[in-house]
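What follows is the content of query03.txt, which has compact mmCIF, C-alpha atoms:
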```
# COMPACT_ATOMS: atom_id res chain seq x y z
CA MET F 1 -9.65 20.45 4.19
CA GLU F 2 -13.43 20.27 4.43
CA GLN F 3 -15.77 17.72 2.86
CA LEU F 4 -18.70 19.57 1.27
CA ASP F 5 -20.69 16.70 -0.17
CA SER F 6 -20.72 12.90 -0.55
CA LYS F 7 -22.93 10.76 -2.80
CA THR F 8 -22.69 6.96 -2.64
CA ALA F 9 -22.18 5.47 -6.11
CA PHE F 10 -21.56 1.84 -5.09
CA GLU F 11 -22.20 -0.02 -1.84
CA GLY F 12 -20.28 -3.26 -1.45
CA ALA F 13 -19.64 -5.82 1.30
CA LEU F 14 -16.10 -4.64 2.10
CA PHE F 15 -15.99 -1.12 0.61
CA ALA F 16 -18.16 1.59 -0.93
CA VAL F 17 -17.55 4.19 -3.62
CA ALA F 18 -18.62 7.82 -3.18
CA ALA F 19 -18.41 10.93 -5.34
CA GLN F 20 -17.22 13.62 -2.94
CA ARG F 21 -16.61 17.35 -3.10
CA PHE F 22 -13.96 19.05 -0.94
CA ARG F 23 -12.81 22.57 -0.13
CA ARG F 24 -9.04 22.60 0.16
CA ALA F 25 -7.01 24.64 2.65
CA ASP F 26 -6.44 27.31 -0.05
CA GLY F 27 -10.20 27.67 -0.71
CA SER F 28 -10.28 25.82 -4.05
CA GLU F 29 -12.91 23.10 -4.58
CA VAL F 30 -12.26 19.66 -6.08
CA GLU F 31 -14.32 16.55 -6.81
CA ARG F 32 -13.00 13.06 -6.14
CA GLN F 33 -14.29 9.51 -6.56
CA VAL F 34 -13.26 7.79 -3.33
CA VAL F 35 -13.20 4.11 -2.30
CA GLU F 36 -14.38 4.16 1.31
CA HIS F 37 -12.93 1.41 3.51
CA PRO F 38 -13.19 0.90 7.31
CA GLY F 39 -9.42 0.37 7.73
CA SER F 40 -7.24 -2.62 8.53
CA VAL F 41 -4.65 -3.93 10.95
CA ALA F 42 -1.54 -6.02 10.26
CA ILE F 43 0.84 -7.78 12.63
CA VAL F 44 4.61 -8.40 12.51
CA ALA F 45 4.63 -11.36 14.95
CA HIS F 46 8.13 -12.58 15.71
CA ASP F 47 10.08 -14.50 18.31
CA GLY F 48 13.84 -14.96 18.54
CA ASP F 49 13.85 -17.33 15.58
CA CYS F 50 11.28 -16.36 12.99
CA VAL F 51 8.44 -14.12 11.83
CA HIS F 52 5.02 -15.72 11.30
CA LEU F 53 3.51 -15.17 7.84
CA VAL F 54 0.53 -16.48 5.87
CA ARG F 55 0.16 -17.49 2.25
CA GLN F 56 -3.29 -17.15 0.73
CA PRO F 57 -5.08 -16.74 -2.62
CA ARG F 58 -5.73 -13.10 -3.62
CA GLU F 59 -8.19 -13.09 -6.48
CA ALA F 60 -8.11 -9.30 -7.05
CA ILE F 61 -4.50 -9.56 -8.28
CA GLY F 62 -4.73 -13.10 -9.74
CA ALA F 63 -2.37 -14.59 -7.13
CA ASP F 64 -2.72 -18.27 -6.13
CA GLY F 65 -0.67 -17.69 -2.97
CA LEU F 66 0.48 -14.27 -1.80
CA LEU F 67 2.90 -14.12 1.16
CA GLU F 68 1.67 -11.62 3.79
CA ILE F 69 1.90 -10.76 7.45
CA PRO F 70 -1.34 -11.65 9.32
CA ALA F 71 -3.93 -8.90 8.77
CA GLY F 72 -7.61 -8.15 8.73
CA THR F 73 -10.32 -5.58 8.14
CA MET F 74 -11.79 -3.43 10.94
CA ASP F 75 -15.24 -4.89 10.29
CA VAL F 76 -16.40 -5.66 13.85
CA GLU F 77 -18.48 -2.86 15.41
CA GLY F 78 -16.84 -1.35 18.51
CA GLU F 79 -13.59 -3.31 18.20
CA SER F 80 -10.35 -1.33 18.66
CA GLU F 81 -7.35 -1.68 16.33
CA ARG F 82 -5.47 -3.60 19.01
CA GLU F 83 -8.42 -5.96 19.67
CA CYS F 84 -8.81 -6.55 15.94
CA ALA F 85 -5.08 -7.34 15.69
CA GLU F 86 -5.29 -9.80 18.61
CA ARG F 87 -8.24 -11.56 16.98
CA GLU F 88 -6.56 -11.80 13.56
CA LEU F 89 -3.30 -13.11 15.06
CA SER F 90 -5.24 -15.90 16.75
CA GLU F 91 -7.48 -16.68 13.74
CA GLU F 92 -4.78 -16.61 11.08
CA VAL F 93 -1.69 -18.10 12.74
CA GLY F 94 -3.06 -19.49 16.03
CA LEU F 95 -1.00 -17.24 18.29
CA ARG F 96 -1.40 -14.79 21.16
CA ALA F 97 1.21 -12.19 22.07
CA GLU F 98 2.27 -10.87 25.46
CA HIS F 99 3.80 -7.64 24.13
CA TRP F 100 2.19 -5.33 21.58
CA GLU F 101 3.65 -2.20 20.01
CA ARG F 102 2.08 0.06 17.38
CA LEU F 103 4.78 0.32 14.70
CA GLN F 104 3.31 2.62 12.05
CA ALA F 105 0.09 3.38 10.17
CA ILE F 106 0.13 3.55 6.38
CA TYR F 107 -2.27 4.59 3.63
CA PRO F 108 -2.02 1.98 0.83
CA SER F 109 -3.29 4.20 -2.01
CA PRO F 110 -4.11 7.71 -0.72
CA GLY F 111 -5.07 9.12 -4.14
CA PHE F 112 -8.48 7.43 -4.08
CA LEU F 113 -8.65 4.88 -1.21
CA SER F 114 -9.51 5.91 2.37
CA GLU F 115 -8.10 2.69 3.89
CA LYS F 116 -5.54 3.07 6.69
CA VAL F 117 -3.50 0.02 7.75
CA THR F 118 -2.17 0.08 11.31
CA ILE F 119 0.85 -2.20 11.69
CA PHE F 120 1.69 -3.73 15.08
CA ALA F 121 4.74 -5.63 16.31
CA ALA F 122 3.79 -8.60 18.49
CA THR F 123 6.26 -10.57 20.63
CA GLY F 124 6.14 -12.94 23.59
CA LEU F 125 4.20 -15.44 21.47
CA SER F 126 2.33 -18.54 22.64
CA GLU F 127 -0.21 -20.83 20.99
CA GLN F 128 -3.87 -19.79 20.97
CA PRO F 129 -5.82 -21.22 18.05
CA GLY F 130 -8.78 -19.09 16.95
CA GLU F 131 -11.71 -19.70 14.62
CA GLY F 132 -10.80 -19.01 11.00
CA ASP F 133 -13.13 -17.87 8.22
CA GLU F 134 -14.02 -21.00 6.21
CA ASP F 135 -13.71 -18.91 3.01
CA GLU F 136 -10.06 -18.20 3.80
CA GLN F 137 -7.48 -20.74 2.62
CA ILE F 138 -4.51 -19.86 4.75
CA GLU F 139 -1.16 -21.63 4.90
CA ILE F 140 1.10 -20.61 7.78
CA VAL F 141 4.71 -19.85 6.80
CA ARG F 142 7.49 -19.35 9.37
CA LEU F 143 10.26 -17.19 7.93
CA PRO F 144 13.56 -17.41 9.86
CA LEU F 145 14.81 -13.93 10.85
CA ALA F 146 18.16 -14.74 9.18
CA GLU F 147 16.34 -15.23 5.85
CA ILE F 148 14.41 -11.92 5.78
CA ASP F 149 16.92 -10.26 3.44
CA ALA F 150 16.75 -13.14 0.99
CA ALA F 151 12.93 -13.10 1.07
CA LEU F 152 12.43 -9.34 0.59
CA PRO F 153 12.73 -9.25 -3.25
CA GLU F 154 9.82 -11.72 -3.51
CA ILE F 155 7.48 -9.80 -1.18
CA GLU F 156 4.76 -8.14 -3.27
CA ASP F 157 2.30 -7.07 -0.56
CA ALA F 158 2.85 -3.44 0.52
CA LYS F 159 2.04 -3.78 4.26
CA THR F 160 4.20 -6.92 4.47
CA LEU F 161 7.18 -5.23 2.82
CA VAL F 162 6.81 -2.25 5.19
CA GLY F 163 6.51 -4.54 8.21
CA LEU F 164 9.53 -6.70 7.29
CA LEU F 165 11.68 -3.67 6.36
CA LEU F 166 10.83 -2.00 9.70
CA LEU F 167 11.70 -5.24 11.54
CA ARG F 168 14.96 -5.52 9.57
CA ALA F 169 15.91 -1.93 10.44
CA ARG F 170 15.21 -2.65 14.10
CA LEU F 171 17.23 -5.90 14.16
CA ARG F 172 20.22 -4.54 12.23
CA GLY F 173 20.16 -0.89 13.25
CA MET Z 1 -6.62 -19.34 -10.61
CA GLU Z 2 -9.13 -18.69 -13.38
CA GLN Z 3 -11.57 -15.78 -13.73
CA LEU Z 4 -14.98 -17.17 -14.66
CA ASP Z 5 -17.07 -14.02 -14.84
CA SER Z 6 -16.87 -10.22 -14.38
CA LYS Z 7 -19.74 -7.72 -14.16
CA THR Z 8 -18.99 -4.00 -13.94
CA ALA Z 9 -20.81 -2.40 -10.99
CA PHE Z 10 -19.23 1.07 -11.13
CA GLU Z 11 -17.24 2.83 -13.85
CA GLY Z 12 -15.19 5.80 -12.67
CA ALA Z 13 -12.54 8.11 -14.08
CA LEU Z 14 -9.59 6.48 -12.31
CA PHE Z 15 -10.95 3.05 -11.31
CA ALA Z 16 -13.89 0.69 -11.82
CA VAL Z 17 -15.61 -1.83 -9.56
CA ALA Z 18 -16.53 -5.31 -10.77
CA ALA Z 19 -18.24 -8.32 -9.22
CA GLN Z 20 -16.07 -11.25 -10.27
CA ARG Z 21 -16.20 -15.04 -9.93
CA PHE Z 22 -13.03 -17.15 -9.77
CA ARG Z 23 -12.09 -20.82 -9.75
CA ARG Z 24 -9.18 -21.33 -7.40
CA ALA Z 25 -6.26 -23.73 -7.92
CA ASP Z 26 -8.01 -26.30 -5.70
CA GLY Z 27 -11.22 -26.17 -7.79
CA SER Z 28 -13.34 -24.15 -5.32
CA GLU Z 29 -15.26 -21.11 -6.60
CA VAL Z 30 -15.39 -17.70 -4.88
CA GLU Z 31 -16.98 -14.34 -5.60
CA ARG Z 32 -15.14 -11.05 -5.04
CA GLN Z 33 -15.92 -7.36 -5.44
CA VAL Z 34 -12.78 -5.93 -7.00
CA VAL Z 35 -11.58 -2.34 -7.54
CA GLU Z 36 -9.96 -2.42 -10.98
CA HIS Z 37 -7.08 0.02 -11.47
CA PRO Z 38 -4.60 0.36 -14.38
CA GLY Z 39 -1.54 0.41 -12.09
CA SER Z 40 0.94 3.08 -11.03
CA VAL Z 41 4.61 3.94 -10.97
CA ALA Z 42 6.63 5.66 -8.24
CA ILE Z 43 10.18 7.01 -8.24
CA VAL Z 44 12.89 7.16 -5.56
CA ALA Z 45 14.94 9.96 -7.18
CA HIS Z 46 18.12 10.71 -5.29
CA ASP Z 47 21.53 12.27 -5.75
CA GLY Z 48 24.47 12.24 -3.33
CA ASP Z 49 22.72 14.75 -1.05
CA CYS Z 50 18.98 14.21 -0.98
CA VAL Z 51 15.88 12.40 -2.18
CA HIS Z 52 13.25 14.42 -4.04
CA LEU Z 53 9.74 14.22 -2.58
CA VAL Z 54 6.41 15.97 -3.11
CA ARG Z 55 3.79 17.22 -0.67
CA GLN Z 56 0.21 17.37 -1.95
CA PRO Z 57 -3.41 17.35 -0.74
CA ARG Z 58 -4.99 13.87 -0.63
CA GLU Z 59 -8.73 14.30 -0.23
CA ALA Z 60 -9.52 10.56 0.05
CA ILE Z 61 -7.74 10.42 3.42
CA GLY Z 62 -8.46 14.02 4.50
CA ALA Z 63 -4.80 15.11 4.29
CA ASP Z 64 -3.92 18.73 3.50
CA GLY Z 65 -0.37 17.76 2.56
CA LEU Z 66 0.86 14.17 2.33
CA LEU Z 67 4.60 13.58 1.81
CA GLU Z 68 5.22 11.13 -1.05
CA ILE Z 69 7.77 10.06 -3.61
CA PRO Z 70 6.82 11.25 -7.14
CA ALA Z 71 4.24 8.89 -8.63
CA GLY Z 72 1.46 8.61 -11.17
CA THR Z 73 -1.18 6.39 -12.71
CA MET Z 74 -0.59 4.32 -15.86
CA ASP Z 75 -3.34 6.21 -17.68
CA VAL Z 76 -1.67 6.96 -21.02
CA GLU Z 77 -2.43 4.35 -23.72
CA GLY Z 78 0.67 2.50 -24.93
CA GLU Z 79 3.04 4.06 -22.37
CA SER Z 80 5.45 1.68 -20.61
CA GLU Z 81 6.06 1.77 -16.85
CA ARG Z 82 9.49 3.31 -17.42
CA GLU Z 83 8.09 5.99 -19.80
CA CYS Z 84 5.34 6.81 -17.32
CA ALA Z 85 7.95 7.14 -14.54
CA GLU Z 86 10.10 9.47 -16.70
CA ARG Z 87 7.06 11.65 -17.43
CA GLU Z 88 5.97 11.84 -13.79
CA LEU Z 89 9.49 12.67 -12.59
CA SER Z 90 9.59 15.60 -15.01
CA GLU Z 91 6.02 16.79 -14.31
CA GLU Z 92 6.15 16.51 -10.53
CA VAL Z 93 9.69 17.53 -9.56
CA GLY Z 94 11.12 18.92 -12.84
CA LEU Z 95 13.88 16.32 -13.18
CA ARG Z 96 15.24 13.82 -15.67
CA ALA Z 97 17.43 10.86 -14.66
CA GLU Z 98 20.35 9.27 -16.48
CA HIS Z 99 20.14 5.95 -14.61
CA TRP Z 100 16.96 3.98 -13.97
CA GLU Z 101 16.54 0.77 -11.99
CA ARG Z 102 13.36 -1.17 -11.25
CA LEU Z 103 13.44 -1.61 -7.46
CA GLN Z 104 10.29 -3.59 -6.64
CA ALA Z 105 6.60 -3.85 -7.51
CA ILE Z 106 4.02 -3.84 -4.73
CA TYR Z 107 0.28 -4.44 -4.42
CA PRO Z 108 -1.14 -1.74 -2.07
CA SER Z 109 -4.26 -3.65 -0.99
CA PRO Z 110 -4.39 -7.09 -2.66
CA GLY Z 111 -7.59 -8.21 -0.88
CA PHE Z 112 -9.80 -6.13 -3.17
CA LEU Z 113 -7.67 -3.70 -5.27
CA SER Z 114 -5.95 -4.81 -8.51
CA GLU Z 115 -3.50 -1.86 -8.49
CA LYS Z 116 0.20 -2.69 -8.80
CA VAL Z 117 2.76 0.04 -8.03
CA THR Z 118 6.15 -0.37 -9.72
CA ILE Z 119 8.86 1.51 -7.83
CA PHE Z 120 11.97 2.75 -9.66
CA ALA Z 121 15.23 4.21 -8.38
CA ALA Z 122 16.41 7.17 -10.48
CA THR Z 123 19.90 8.71 -10.25
CA GLY Z 124 22.11 10.93 -12.37
CA LEU Z 125 19.58 13.75 -12.03
CA SER Z 126 19.40 16.99 -14.02
CA GLU Z 127 16.73 19.67 -14.45
CA GLN Z 128 13.95 19.08 -16.98
CA PRO Z 129 10.72 20.87 -16.11
CA GLY Z 130 7.57 19.18 -17.44
CA GLU Z 131 3.94 20.24 -17.70
CA GLY Z 132 2.05 19.61 -14.49
CA ASP Z 133 -1.65 18.91 -14.10
CA GLU Z 134 -3.31 22.20 -13.10
CA ASP Z 135 -5.52 20.28 -10.66
CA GLU Z 136 -2.43 19.08 -8.75
CA GLN Z 137 -1.07 21.33 -6.02
CA ILE Z 138 2.43 19.99 -5.59
CA GLU Z 139 5.14 21.35 -3.31
CA ILE Z 140 8.62 19.91 -3.93
CA VAL Z 141 10.45 18.76 -0.78
CA ARG Z 142 14.13 17.82 -0.78
CA LEU Z 143 14.91 15.41 2.06
CA PRO Z 144 18.64 15.11 2.92
CA LEU Z 145 19.78 11.46 2.88
CA ALA Z 146 21.14 11.93 6.42
CA GLU Z 147 17.61 12.81 7.62
CA ILE Z 148 15.78 9.78 6.21
CA ASP Z 149 15.79 7.91 9.54
CA ALA Z 150 14.34 10.91 11.36
CA ALA Z 151 11.64 11.35 8.69
CA LEU Z 152 10.49 7.70 8.52
CA PRO Z 153 8.09 7.76 11.51
CA GLU Z 154 6.12 10.58 9.83
CA ILE Z 155 5.78 8.87 6.44
CA GLU Z 156 2.20 7.65 6.03
CA ASP Z 157 2.14 6.75 2.33
CA ALA Z 158 2.83 3.03 1.75
CA LYS Z 159 4.84 3.28 -1.51
CA THR Z 160 6.92 6.13 -0.04
CA LEU Z 161 7.73 4.16 3.11
CA VAL Z 162 8.73 1.14 0.99
CA GLY Z 163 10.86 3.33 -1.31
CA LEU Z 164 12.67 5.11 1.53
CA LEU Z 165 13.22 1.90 3.52
CA LEU Z 166 14.68 0.18 0.43
CA LEU Z 167 16.94 3.21 -0.15
CA ARG Z 168 17.98 3.18 3.52
CA ALA Z 169 18.83 -0.55 3.35
CA ARG Z 170 20.92 0.09 0.24
CA LEU Z 171 22.80 3.06 1.73
CA ARG Z 172 23.47 1.43 5.11
CA GLY Z 173 23.69 -2.24 4.14
```
Starting from the file, give its structure as structure tokens.
Amino acid sequence: MEQLDSKTAFEGALFAVAAQRFRRADGSEVERQVVEHPGSVAIVAHDGDCVHLVRQPREAIGADGLLEIPAGTMDVEGESERECAERELSEEVGLRAEHWERLQAIYPSPGFLSEKVTIFAATGLSEQPGEGDEDEQIEIVRLPLAEIDAALPEIEDAKTLVGLLLLRARLRG
Amino acid sequence: MEQLDSKTAFEGALFAVAAQRFRRADGSEVERQVVEHPGSVAIVAHDGDCVHLVRQPREAIGADGLLEIPAGTMDVEGESERECAERELSEEVGLRAEHWERLQAIYPSPGFLSEKVTIFAATGLSEQPGEGDEDEQIEIVRLPLAEIDAALPEIEDAKTLVGLLLLRARLRG
């Protein structure tokens, strides 16, 4: 696939919108309106007892408190996915991790959104409070590993459901 | 949470962008740029042998062929989620299902995208070819249930990974 053309239609703080033209592998040409996003990272941080989650308001979906794994946008120039994940883990739940593993990368809505979310597993946790964004109202929630199954039906955030289901598969086989 | 104001900044074919102001539960006010989307449905269609997937080009992420469960946008006026899922199952993989179950609804990117994806399980399958969109280049892929575990690491689409992991949890306990 080859991108032939791209015209910015909206330029926002977190994302942009572009009208783009592509030549597909079979030679046909198509036009698409694409939401361009720099990508994100998310972290399944767990110790022997629990996985560390956050609850925060999400205005775009009208949620007063959505339960999510710690995550953030790749919005710092030159920062790697791993560095971004380390920063977000410290800022959002006040933790650092000794062991990091890249679990899987997912595209949340590949029909029109370029965003890729890279999900890490983080273990060997210790306290390391970071500076939070004052605009973020984050409540830390510790979910016992034994209660993951009971919590799954209430998880509405895609990356969080993927992260917890991958952790569950790993713990149970 | 209360929406105080909304100004359209971009109006596209599939989605719009709006600058919105909200009053949170604690009384504070925030502004957000939101991608407004009508929502989607996705279907985990499986029989005793395999789950029915599609492979299609996804220009927004530069993919020549992304493996996904059948899915579609809620873009027909008055159509319910279930009706939309029935239509997409017929159009994309040529099947109808006797049994339908709502598995889970997920928000792909709740920080800025309003889209909700409702995932159904569909069983009791029989052939019922529907009319496809001529712009869609869809290859049908039948994944044997016994090969789901081996396929998971290559799944990059969020709703598909959620659907297959939920199916795996159900089949294996």
Within 8 Å of Gly72 (chain Z) using all atoms listed in the file, minus same-chain residues under 4 positions, as a list of chain:residue names: Z:Ser40, Z:Val41, Z:Ala42, Z:Cys84, Z:Ala85, Z:Glu88
Find the distance between CA of Phe22 (chain Z) and CA of Gly65 (chain F) and write it in Å to one decimal. 14.1 Å
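Taking only C-alpha atoms into account, the protein, DNA and RNA residues within 10 Å of (-10.4, -21.6, -6.2) read Pro57, Glu59, Asp64 and Gln137 of chain F; Met1, Glu2, Gln3, Arg21, Phe22, Arg23, Arg24, Ala25, Asp26, Gly27, Ser28, Glu29, Val30 and Glu31 of chain Z.
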Identify, on the basis of all atoms listed in the file, every residue whose closest approach to region 34-38 of chain F does not exceed 9 Å; exclude the query and any residue fewer than 4 positions from it along the same chain; express the result as number ranges by chain. F: 14-20, 73-75, 111-116; Z: 35, 59-60
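Candidate residues F:Glu77, F:Asp47, F:Glu156, F:Glu127 were compared for distance to chain Z, and the nearest is F:Glu156, using only C-alpha atoms.
CA of Ala97 (chain Z) is positioned 11.3 Å from CA of Arg82 (chain Z).
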Just need the box for region 29-35 of chain F, edges along x, y and z, holding every atom the file lists for it with 5 Å tacked onto each side, so centre and edge lengths in Å to one decimal, as AutoDock Vina command-line options.
```
--center_x -13.3 --center_y 13.6 --center_z -4.6 --size_x 12.1 --size_y 29.0 --size_z 14.5
```
So how far away is CA of Val44 (chain F) from CA of Pro70 (chain F), in Å? 7.5 Å
Z:Leu67, Z:Leu4, Z:Ala105, Z:Leu164: which is nearest chain F, counting all atoms listed in the file? Z:Ala105
